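Novice: Please read through the structure below; I'll follow up with questions.
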Amino acid sequence: MTKFFRLIADTFFVNRYGHRAVVLETVAGVPGMVAGVLMHFKSLRSMKTGYGESIREMLAEAENERMHLMFFIEIAKPNRFERILVLFAQVIFGVFYLFMYLFFTRTAHRMIGYFEDEAVISYTEYLKIVENGEVENFQAPLLAINYYNLDRNAKLSDLIKAVRNDEQKHSETNHAYADNY
Ligand SMILES: [Fe+2]
Ligand SMILES: [Fe+2]
């Protein structure tokens with residue numbers, strides 16, 4: 001599934017990494033929220049403690065992905081088609097992931113772990129073309145500078161590195177949840 005989704009993204013966003021980041025981050029914000037909400041409900045149903053840390057972790061992941069979107073929206077403005085794509089992706093992927101999480105929780109975390117691994121690869125490619133000058137390495141958005149506590153003169157490349165670190169962490173978290181489920 002991961003390779004299939006990757007192929008679609010690669011075909012659609014050939015060398016348009018800014019747009020790719022915007023559209024895919026709108027999708028990336030979905031699974032953490034779905035997982036957090038379902039974990040919360042599970043905790044209520046089972047009337048047991050021990051879910052708090054995971055719930056907060058998943059909600060924090062969703063929040064973090066939403067922030068990624070806010071950074072890249074300042075760098076690339078999606079066209080009308082991409083906006084429609086985002087709408088469809090949210091409905092289709094949202095419902096798909098909800099059912100996947102309900103019935104195949106472990107696989108759901110594993111899949112997100114793999115998605116995050118691909119995100120690390122994509123941001124590494126993006127970083128490479130920014131560093132070699134193919135894409136202008138302009139000033140990082142102020143929102144990102146404040147969020148990551150970056151230097152005032154931080155560049156797009158610094159932002160990409162910070163975001164890539166987040167994706168790496170999401171990968172580790174989701175793979176660990178899949179391992180221990
Ligand atoms: Fe992200
Ligand atoms: Fe992520």
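Each chain of the structure tokens is named A, B, ... in the order shown, its residues numbered from 1; ligands are numbered from 1 in display order.
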Let me have all residues with an atom within 8 Å of ligand 2, counting only C-alpha atoms and all ligand atoms, laid out as a list in words.
Specialist: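 The distance check yields Glu25, Ala28, Gly29, Glu61, Asn64, Glu65, Phe115, Glu116, Ala119, Asp166, Glu167, Gln168, Lys169, His170 and Ser171 of chain A.
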Novice: Using only C-alpha atoms and all ligand atoms for the distances, tell me which of A:His68, A:Arg106, A:Arg152, A:Arg45 is nearest to ligand 1.
Specialist: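 When distances to ligand 1 are compared using only C-alpha atoms and all ligand atoms, the smallest one comes from A:His68.
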Novice: If we count only C-alpha atoms and set the cut-off at 8 Å, which residues sit around Leu127 (chain A), ignoring sequence neighbours fewer than 6 positions away in its own chain? Please answer as a PyMOL selection string.
Specialist: chain A and resi 157+160-161
Novice: Measuring atom to atom with only C-alpha atoms and all ligand atoms, identify which of A:Met33, A:Ala9, A:Ala21, A:Met58 is nearest to ligand 1.
Specialist: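 So, comparing all the options, the nearest one is A:Ala21.
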Novice: Go through chain A and collect every residue that DSSP, computed from the backbone, puts in alpha helix (DSSP H); the answer should be as a PyMOL selection string.
Specialist: chain A and resi 2-12+17-46+52-72+80-103+105-131+142-148+156-180
Novice: Pick from A:Thr2, A:Leu24, A:Tyr177, A:Arg16: nearest to Leu87 (chain A), with only C-alpha atoms counted?
Specialist: A:Leu24
Novice: Have a look at CA of His109 (chain A) and CA of Val95 (chain A) and let me know their distance in Å, one decimal.
Specialist: 15.6 Å
Novice: What's the separation between CA of Leu98 (chain A) and CA of Gly36 (chain A), in Å to one decimal place?
Specialist: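 Rounded to one decimal, the two atoms are 11.1 Å apart.
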Novice: Which of these residues is nearest to Thr105 (chain A), using only C-alpha atoms: A:Phe4, A:Tyr181, A:Tyr17, A:Phe88?
Specialist: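 Checking each of A:Phe4, A:Tyr181, A:Tyr17, A:Phe88 against Thr105 (chain A), counting only C-alpha atoms, the winner is A:Tyr181.
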Novice: Restricting the calculation to only C-alpha atoms, which member of A:Thr11, A:Thr26, A:Ser54, A:Asn180 is positioned closest to Phe71 (chain A)?
Specialist: A:Thr26
Novice: Have a look at CA of Val34 (chain A) and CA of Gln90 (chain A) and let me know their distance in Å, one decimal.
Specialist: 11.9 Å
Novice: Pick from A:Asn132, A:Asn165, A:Gln139, A:Ser46: nearest to ligand 1, with only C-alpha atoms and all ligand atoms counted?
Specialist: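 For ligand 1, the nearest of the candidates is A:Asn165.
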Novice: Got a sec: who's within 10 Å of Leu143 (chain A), counting only C-alpha atoms, leaving out chain neighbours fewer than 2 positions off, as a ChimeraX atom specification?
Specialist: /A:67,70-71,74,140-141,145-149
